[in-house]
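Have a look at structure24.cif below; it lists mmCIF, C-alpha atoms.
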data_start
loop_
_atom_site.group_PDB
_atom_site.id
_atom_site.type_symbol
_atom_site.label_atom_id
_atom_site.label_comp_id
_atom_site.auth_asym_id
_atom_site.auth_seq_id
_atom_site.Cartn_x
_atom_site.Cartn_y
_atom_site.Cartn_z
ATOM 1 C CA THR A 817 -14.224 19.794 -21.401
ATOM 2 C CA LEU A 818 -16.199 19.318 -18.195
ATOM 3 C CA GLY A 819 -18.846 21.653 -19.599
ATOM 4 C CA GLU A 820 -19.330 19.286 -22.529
ATOM 5 C CA TRP A 821 -19.407 16.256 -20.216
ATOM 6 C CA LYS A 822 -22.272 17.755 -18.192
ATOM 7 C CA ILE A 823 -24.693 17.702 -21.142
ATOM 8 C CA LEU A 824 -23.939 14.118 -22.188
ATOM 9 C CA SER A 825 -26.305 11.214 -21.576
ATOM 10 C CA GLY A 826 -25.913 8.988 -18.539
ATOM 11 C CA GLY A 827 -24.621 6.138 -20.709
ATOM 12 C CA ILE A 828 -21.883 8.254 -22.260
ATOM 13 C CA LYS A 829 -20.891 9.610 -18.850
ATOM 14 C CA ALA A 830 -20.634 6.029 -17.597
ATOM 15 C CA GLU A 831 -18.418 5.157 -20.565
ATOM 16 C CA LEU A 832 -16.131 8.071 -19.768
ATOM 17 C CA LEU A 833 -15.976 7.079 -16.097
ATOM 18 C CA ARG A 834 -15.183 3.522 -17.167
ATOM 19 C CA GLY A 835 -12.219 4.825 -19.154
ATOM 20 C CA LEU A 836 -11.015 6.732 -16.089
ATOM 21 C CA LEU A 837 -11.389 3.657 -13.897
ATOM 22 C CA GLU A 838 -9.530 1.494 -16.426
ATOM 23 C CA GLY A 839 -6.636 3.940 -16.259
ATOM 24 C CA LEU A 840 -6.678 3.813 -12.468
ATOM 25 C CA LYS A 841 -6.819 0.016 -12.575
ATOM 26 C CA HIS A 842 -3.543 -0.004 -14.495
ATOM 27 C CA LEU A 843 -1.943 2.453 -12.070
ATOM 28 C CA HIS A 844 -3.161 0.562 -9.013
ATOM 29 C CA SER A 845 -1.866 -2.722 -10.464
ATOM 30 C CA LEU A 846 1.562 -1.072 -10.391
ATOM 31 C CA ASN A 847 0.941 0.076 -6.791
ATOM 32 C CA ILE A 848 0.759 3.695 -7.951
ATOM 33 C CA ILE A 849 -1.694 6.085 -6.256
ATOM 34 C CA HIS A 850 -2.401 9.168 -8.370
ATOM 35 C CA ARG A 851 -3.670 11.314 -5.446
ATOM 36 C CA ASP A 852 -4.791 14.216 -7.638
ATOM 37 C CA ILE A 853 -7.616 13.132 -9.957
ATOM 38 C CA LYS A 854 -9.692 16.290 -10.426
ATOM 39 C CA PRO A 855 -11.608 18.626 -12.728
ATOM 40 C CA GLY A 856 -10.196 22.041 -13.601
ATOM 41 C CA LYS A 857 -9.708 24.732 -10.985
ATOM 42 C CA TYR A 858 -12.870 26.252 -9.531
ATOM 43 C CA LEU A 859 -15.027 23.571 -11.229
ATOM 44 C CA GLN A 860 -14.522 25.236 -14.576
ATOM 45 C CA ASP A 861 -13.660 24.142 -18.046
ATOM 46 C CA GLU A 862 -11.898 20.807 -18.145
ATOM 47 C CA LEU A 863 -10.694 17.731 -16.358
ATOM 48 C CA GLU A 864 -7.098 18.738 -15.676
ATOM 49 C CA ASN A 865 -5.666 15.298 -15.139
ATOM 50 C CA VAL A 866 -8.073 13.258 -17.280
ATOM 51 C CA LEU A 867 -7.719 13.717 -21.022
ATOM 52 C CA LEU A 868 -9.156 12.331 -24.237
ATOM 53 C CA ALA A 869 -6.251 11.412 -26.502
ATOM 54 C CA ASP A 870 -8.721 11.176 -29.385
ATOM 55 C CA SER A 871 -11.794 13.425 -29.162
ATOM 56 C CA SER A 872 -13.750 11.001 -31.335
ATOM 57 C CA SER A 873 -13.084 7.997 -29.090
ATOM 58 C CA LEU A 874 -14.405 7.719 -25.548
ATOM 59 C CA SER A 875 -12.082 4.768 -24.982
ATOM 60 C CA SER A 876 -9.005 6.979 -25.394
ATOM 61 C CA ILE A 877 -9.047 8.395 -21.837
ATOM 62 C CA LYS A 878 -5.588 9.134 -20.500
ATOM 63 C CA ILE A 879 -4.599 10.075 -16.949
ATOM 64 C CA ALA A 880 -2.028 12.868 -16.761
ATOM 65 C CA ASP A 881 -0.040 14.939 -14.241
ATOM 66 C CA PHE A 882 1.731 12.560 -11.899
ATOM 67 C CA GLY A 883 3.355 15.287 -9.823
ATOM 68 C CA LEU A 884 1.654 14.115 -6.602
ATOM 69 C CA SER A 885 1.492 10.418 -7.413
ATOM 70 C CA ALA A 886 3.400 7.869 -5.377
ATOM 71 C CA GLN A 887 4.352 4.261 -5.837
ATOM 72 C CA LEU A 888 3.918 2.089 -2.801
ATOM 73 C CA GLN A 889 7.013 0.185 -1.827
ATOM 74 C CA GLN A 890 6.796 -3.323 -0.463
ATOM 75 C CA HIS A 891 7.487 -2.227 3.115
ATOM 76 C CA GLN A 892 4.668 0.330 2.908
ATOM 77 C CA HIS A 893 2.063 -2.365 2.311
ATOM 78 C CA ALA A 894 -1.083 -0.473 1.264
ATOM 79 C CA ASN A 895 -0.793 2.755 3.215
ATOM 80 C CA MET A 896 0.434 6.306 2.619
ATOM 81 C CA ARG A 897 0.785 9.077 5.205
ATOM 82 C CA VAL A 898 1.581 12.350 3.414
ATOM 83 C CA GLN A 899 -1.390 14.724 3.138
ATOM 84 C CA CYS A 900 -1.448 15.984 -0.443
ATOM 85 C CA GLY A 901 -3.791 16.562 -3.362
ATOM 86 C CA THR A 902 -6.322 19.201 -4.349
ATOM 87 C CA LEU A 903 -8.448 19.974 -1.280
ATOM 88 C CA LEU A 904 -11.903 19.548 -2.855
ATOM 89 C CA TYR A 905 -11.080 16.083 -4.195
ATOM 90 C CA MET A 906 -9.155 14.702 -1.241
ATOM 91 C CA ALA A 907 -10.827 11.808 0.564
ATOM 92 C CA PRO A 908 -11.937 12.164 4.216
ATOM 93 C CA GLU A 909 -9.345 9.698 5.499
ATOM 94 C CA VAL A 910 -6.490 11.882 4.239
ATOM 95 C CA PHE A 911 -7.417 14.312 7.036
ATOM 96 C CA SER A 912 -8.827 11.969 9.670
ATOM 97 C CA ARG A 913 -6.637 8.859 9.555
ATOM 98 C CA PRO A 914 -2.915 8.369 10.145
ATOM 99 C CA SER A 915 -2.663 6.659 6.743
ATOM 100 C CA TYR A 916 -4.658 6.049 3.569
ATOM 101 C CA THR A 917 -4.752 3.731 0.545
ATOM 102 C CA LYS A 918 -5.474 3.597 -3.185
ATOM 103 C CA ALA A 919 -9.118 4.196 -2.245
ATOM 104 C CA VAL A 920 -8.450 7.953 -2.284
ATOM 105 C CA ASP A 921 -8.507 7.776 -6.098
ATOM 106 C CA ILE A 922 -11.940 6.105 -6.028
ATOM 107 C CA TRP A 923 -13.236 8.902 -3.781
ATOM 108 C CA ALA A 924 -12.114 11.442 -6.384
ATOM 109 C CA CYS A 925 -14.005 9.470 -9.047
ATOM 110 C CA SER A 926 -17.156 9.598 -6.920
ATOM 111 C CA VAL A 927 -16.854 13.394 -6.616
ATOM 112 C CA ILE A 928 -16.435 13.714 -10.389
ATOM 113 C CA THR A 929 -19.453 11.445 -10.951
ATOM 114 C CA TYR A 930 -21.586 13.612 -8.678
ATOM 115 C CA MET A 931 -20.460 16.782 -10.429
ATOM 116 C CA LEU A 932 -21.252 15.406 -13.880
ATOM 117 C CA PHE A 933 -24.871 14.873 -12.855
ATOM 118 C CA ASN A 934 -25.238 18.103 -10.877
ATOM 119 C CA GLN A 935 -24.181 20.875 -13.252
ATOM 120 C CA GLY A 936 -20.627 20.890 -11.893
ATOM 121 C CA ARG A 937 -21.651 21.424 -8.256
ATOM 122 C CA HIS A 938 -19.418 19.854 -5.636
ATOM 123 C CA PRO A 939 -21.094 17.451 -3.152
ATOM 124 C CA PHE A 940 -19.677 19.263 -0.105
ATOM 125 C CA TYR A 941 -18.093 22.580 -1.010
ATOM 126 C CA LYS A 942 -20.221 25.736 -0.947
ATOM 127 C CA ALA A 943 -19.049 29.133 -2.138
ATOM 128 C CA GLY A 944 -17.223 31.056 0.587
ATOM 129 C CA MET A 945 -16.307 28.030 2.689
ATOM 130 C CA SER A 946 -12.992 28.206 4.490
ATOM 131 C CA THR A 947 -10.615 25.261 4.438
ATOM 132 C CA ASN A 948 -11.550 24.289 7.996
ATOM 133 C CA GLU A 949 -15.283 24.584 7.257
ATOM 134 C CA PHE A 950 -14.867 22.312 4.265
ATOM 135 C CA LYS A 951 -12.936 19.720 6.261
ATOM 136 C CA ILE A 952 -15.622 19.716 8.967
ATOM 137 C CA CYS A 953 -18.355 19.334 6.365
ATOM 138 C CA LEU A 954 -16.443 16.519 4.661
ATOM 139 C CA GLN A 955 -16.139 14.562 7.900
ATOM 140 C CA ARG A 956 -19.607 15.349 9.271
ATOM 141 C CA ASP A 957 -22.043 15.281 6.365
ATOM 142 C CA ALA A 958 -23.248 12.301 4.372
ATOM 143 C CA PHE A 959 -22.430 12.184 0.675
ATOM 144 C CA PRO A 960 -25.551 13.543 -1.094
ATOM 145 C CA LEU A 961 -27.150 10.876 -3.256
ATOM 146 C CA ASN A 962 -29.735 12.729 -5.309
ATOM 147 C CA VAL A 963 -28.256 11.355 -8.528
ATOM 148 C CA ILE A 964 -30.813 8.659 -9.241
ATOM 149 C CA ILE A 965 -29.197 7.082 -12.286
ATOM 150 C CA SER A 966 -25.893 6.338 -10.590
ATOM 151 C CA SER A 967 -26.812 6.434 -6.898
ATOM 152 C CA GLU A 968 -25.902 2.798 -6.192
ATOM 153 C CA PHE A 969 -22.492 3.312 -7.760
ATOM 154 C CA LEU A 970 -21.992 6.480 -5.714
ATOM 155 C CA ILE A 971 -23.020 4.730 -2.486
ATOM 156 C CA GLU A 972 -20.225 2.207 -2.926
ATOM 157 C CA ALA A 973 -17.591 4.570 -4.349
ATOM 158 C CA SER A 974 -18.099 7.337 -1.790
ATOM 159 C CA LYS A 975 -18.154 5.465 1.509
ATOM 160 C CA LYS A 976 -16.464 7.519 4.215
ATOM 161 C CA ASP A 977 -14.729 4.410 5.590
ATOM 162 C CA TYR A 978 -12.142 3.649 2.932
ATOM 163 C CA GLU A 979 -11.983 -0.006 3.998
ATOM 164 C CA GLN A 980 -15.623 -0.332 2.888
ATOM 165 C CA ARG A 981 -15.214 1.682 -0.324
ATOM 166 C CA TYR A 982 -15.069 -0.028 -3.698
ATOM 167 C CA SER A 983 -11.700 -0.961 -5.119
ATOM 168 C CA VAL A 984 -11.179 0.010 -8.749
ATOM 169 C CA GLY A 985 -11.837 -3.594 -9.813
ATOM 170 C CA GLU A 986 -15.156 -3.671 -7.963
ATOM 171 C CA ALA A 987 -16.150 -0.284 -9.386
ATOM 172 C CA LEU A 988 -15.534 -1.558 -12.922
ATOM 173 C CA LYS A 989 -17.965 -4.443 -12.318
ATOM 174 C CA HIS A 990 -20.846 -2.187 -11.263
ATOM 175 C CA PRO A 991 -23.866 -2.429 -13.642
ATOM 176 C CA TRP A 992 -23.956 1.349 -14.138
ATOM 177 C CA ILE A 993 -20.380 1.222 -15.405
ATOM 178 C CA THR A 994 -20.693 -1.975 -17.463
ATOM 179 C CA ARG A 995 -24.140 -0.854 -18.763
ATOM 180 C CA ASN A 996 -25.488 -4.334 -18.009
ATOM 181 C CA LEU A 997 -28.151 -2.719 -15.870
ATOM 182 C CA GLU A 998 -29.923 -5.957 -14.976
ATOM 183 C CA ASP A 999 -26.844 -7.394 -13.284
ATOM 184 C CA GLU A 1000 -26.543 -7.510 -9.519
ATOM 185 C CA VAL A 1001 -24.552 -4.782 -7.792
ATOM 186 C CA PRO A 1002 -21.217 -6.345 -6.756
ATOM 187 C CA LEU A 1003 -20.308 -6.383 -3.091
ATOM 188 C CA SER A 1004 -17.195 -4.669 -1.829
ATOM 189 C CA ILE A 1005 -14.563 -6.887 -0.201
ATOM 190 C CA HIS A 1006 -15.736 -5.613 3.200
ATOM 191 C CA GLU A 1007 -19.354 -6.540 2.438
ATOM 192 C CA SER A 1008 -18.275 -9.964 1.174
ATOM 193 C CA TYR A 1009 -16.427 -10.632 4.420
ATOM 194 C CA GLN A 1010 -19.463 -9.518 6.403
ATOM 195 C CA GLY A 1011 -21.640 -11.937 4.442
ATOM 196 C CA PHE A 1012 -19.146 -14.742 5.024
ATOM 197 C CA ASP A 1013 -19.040 -14.021 8.758
ATOM 198 C CA SER A 1014 -22.847 -14.025 8.925
ATOM 199 C CA THR A 1015 -22.958 -17.386 7.146
ATOM 200 C CA GLN A 1016 -20.447 -18.817 9.566
ATOM 201 C CA LEU A 1017 -22.539 -17.575 12.507
ATOM 202 C CA ILE A 1018 -25.641 -19.233 11.070
ATOM 203 C CA ILE A 1019 -23.751 -22.500 10.595
ATOM 204 C CA ASN A 1020 -22.360 -22.332 14.115
ATOM 205 C CA ASP A 1021 -25.794 -21.550 15.536
ATOM 206 C CA THR A 1022 -27.434 -24.368 13.597
ATOM 207 C CA PHE A 1023 -24.971 -27.135 14.317
ATOM 208 C CA SER A 1024 -23.092 -27.787 17.510
ATOM 209 C CA ASP A 1025 -21.243 -30.793 18.875
ATOM 210 C CA GLU A 1026 -24.263 -31.610 21.040
ATOM 211 C CA ASP A 1027 -26.532 -31.789 17.993
ATOM 212 C CA ILE A 1028 -24.460 -34.460 16.265
ATOM 213 C CA GLU A 1029 -25.442 -38.022 17.030
ATOM 214 C CA ILE A 1030 -22.685 -40.614 16.641
#

Here is a file; write its structure as structure tokens.
Amino acid sequence: TLGEWKILSGGIKAELLRGLLEGLKHLHSLNIIHRDIKPGKYLQDELENVLLADSSSLSSIKIADFGLSAQLQQHQHANMRVQCGTLLYMAPEVFSRPSYTKAVDIWACSVITYMLFNQGRHPFYKAGMSTNEFKICLQRDAFPLNVIISSEFLIEASKKDYEQRYSVGEALKHPWITRNLEDEVPLSIHESYQGFDSTQLIINDTFSDEDIEI
């Protein structure tokens, strides 16, 4: 149950999250977006759509309940348009953009990660909030990063701009997930492109046709 998860060590929580991400990796490889990864209703007892097939094995994580999932067709490329999911675990772009991608599942993982380290508290929702108040808060406020042990992972998994957010493959390479804590934090695809562009600018600034003697 989620209550049991909350008292586990950081390493065990990371192992559980790795199992969840491995399941999502398989789904995403089939172009399936789950769109409803979440804990139980009202932040209570269990992870509704994430189950342990064998309670003695942390590697036996299974993803369940595909009622809101969708498989991208070739003509859809990477985007979906239908707003659906459980409000508290829906990514900002579901409300603010005309379309969204598989990255909505990574957002849900970041919310679950935060909750596991904060006694089940949601990063944005406060008791008594209306739906509109929650949506405003989700768009306006920064994701709180007071979870020291996994803050770098959360920074990458919870970026408001889904194009900058980790893919599931990148998330699985993060040192907090792999437990190789001395490894470098992997860049997202967006960050890699930015680094490449910066390198190209340096090269172009350093060498020009006028600098080359023939």

Excluding Thr917 of chain A and its own-chain neighbours fewer than 6 positions away, which residues fall within 12 Å of it when counting all atoms listed in the file? Please give them as an mmCIF file with C-alpha atoms, keeping the file's coordinate frame.
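What follows is the written file out-v3.cif:
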data_model
loop_
_atom_site.group_PDB
_atom_site.id
_atom_site.type_symbol
_atom_site.label_atom_id
_atom_site.label_comp_id
_atom_site.auth_asym_id
_atom_site.auth_seq_id
_atom_site.Cartn_x
_atom_site.Cartn_y
_atom_site.Cartn_z
ATOM 1 C CA HIS A 844 -3.161 0.562 -9.013
ATOM 2 C CA ASN A 847 0.941 0.076 -6.791
ATOM 3 C CA ILE A 848 0.759 3.695 -7.951
ATOM 4 C CA ILE A 849 -1.694 6.085 -6.256
ATOM 5 C CA HIS A 850 -2.401 9.168 -8.370
ATOM 6 C CA ARG A 851 -3.670 11.314 -5.446
ATOM 7 C CA ALA A 886 3.400 7.869 -5.377
ATOM 8 C CA GLN A 887 4.352 4.261 -5.837
ATOM 9 C CA LEU A 888 3.918 2.089 -2.801
ATOM 10 C CA GLN A 892 4.668 0.330 2.908
ATOM 11 C CA HIS A 893 2.063 -2.365 2.311
ATOM 12 C CA ALA A 894 -1.083 -0.473 1.264
ATOM 13 C CA ASN A 895 -0.793 2.755 3.215
ATOM 14 C CA MET A 896 0.434 6.306 2.619
ATOM 15 C CA ARG A 897 0.785 9.077 5.205
ATOM 16 C CA VAL A 898 1.581 12.350 3.414
ATOM 17 C CA GLN A 899 -1.390 14.724 3.138
ATOM 18 C CA MET A 906 -9.155 14.702 -1.241
ATOM 19 C CA ALA A 907 -10.827 11.808 0.564
ATOM 20 C CA PRO A 908 -11.937 12.164 4.216
ATOM 21 C CA GLU A 909 -9.345 9.698 5.499
ATOM 22 C CA VAL A 910 -6.490 11.882 4.239
ATOM 23 C CA TRP A 923 -13.236 8.902 -3.781
ATOM 24 C CA ASP A 977 -14.729 4.410 5.590
ATOM 25 C CA TYR A 978 -12.142 3.649 2.932
ATOM 26 C CA GLU A 979 -11.983 -0.006 3.998
ATOM 27 C CA GLN A 980 -15.623 -0.332 2.888
ATOM 28 C CA ARG A 981 -15.214 1.682 -0.324
ATOM 29 C CA TYR A 982 -15.069 -0.028 -3.698
ATOM 30 C CA SER A 983 -11.700 -0.961 -5.119
ATOM 31 C CA VAL A 984 -11.179 0.010 -8.749
#

Hey, can you check how far atom CA of Leu824 of chain A sits from atom CA of Ser926 of chain A?
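These two atoms are separated by 17.3 Å.
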
Find the residues near Ala880 of chain A: any atom within 8 Å, counting all atoms listed in the file, skip ones fewer than 6 places away on the same chain, and give them as a ChimeraX atom specification.
/A:864-867

Answer as a list in words, residues within 10 Å of (-17.5, 7.6, -18.1) using only C-alpha atoms
Trp821, Gly826, Gly827, Ile828, Lys829, Ala830, Glu831, Leu832, Leu833, Arg834, Gly835, Leu836, Leu837, Leu874, Ser875, Ile877, Cys925, Ile928, Thr929, Leu932, Trp992 and Ile993 of chain A

Between atom CA of Ala919 of chain A and atom CA of Gly901 of chain A, measure the distance and give it in Å to one decimal.
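Computing it gives 13.5 Å between the two atoms.
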
At what distance in Å, to one decimal, does atom CA of Ile879 of chain A lie from atom CA of Pro914 of chain A?
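Taking atom CA of Pro914 of chain A as the start and atom CA of Ile879 of chain A as the end point, the length is 27.2 Å.
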
Judged by all atoms listed in the file, the minimum distance to Arg956 of chain A among A:Gln935, A:Asn996, A:Ser825, A:Ser912 is found for A:Ser912

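Using all atoms listed in the file, the nearest neighbour of Ser845 of chain A within the list A:Gly985, A:Thr947, A:Leu868, A:Ser1004 is A:Gly985.
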
Residue nearest Lys942 of chain A among A:Glu968, A:Ser885, A:Leu904, A:Lys918 (counting all atoms listed in the file)
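Nearest candidate to Lys942 of chain A out of A:Glu968, A:Ser885, A:Leu904, A:Lys918: A:Leu904.
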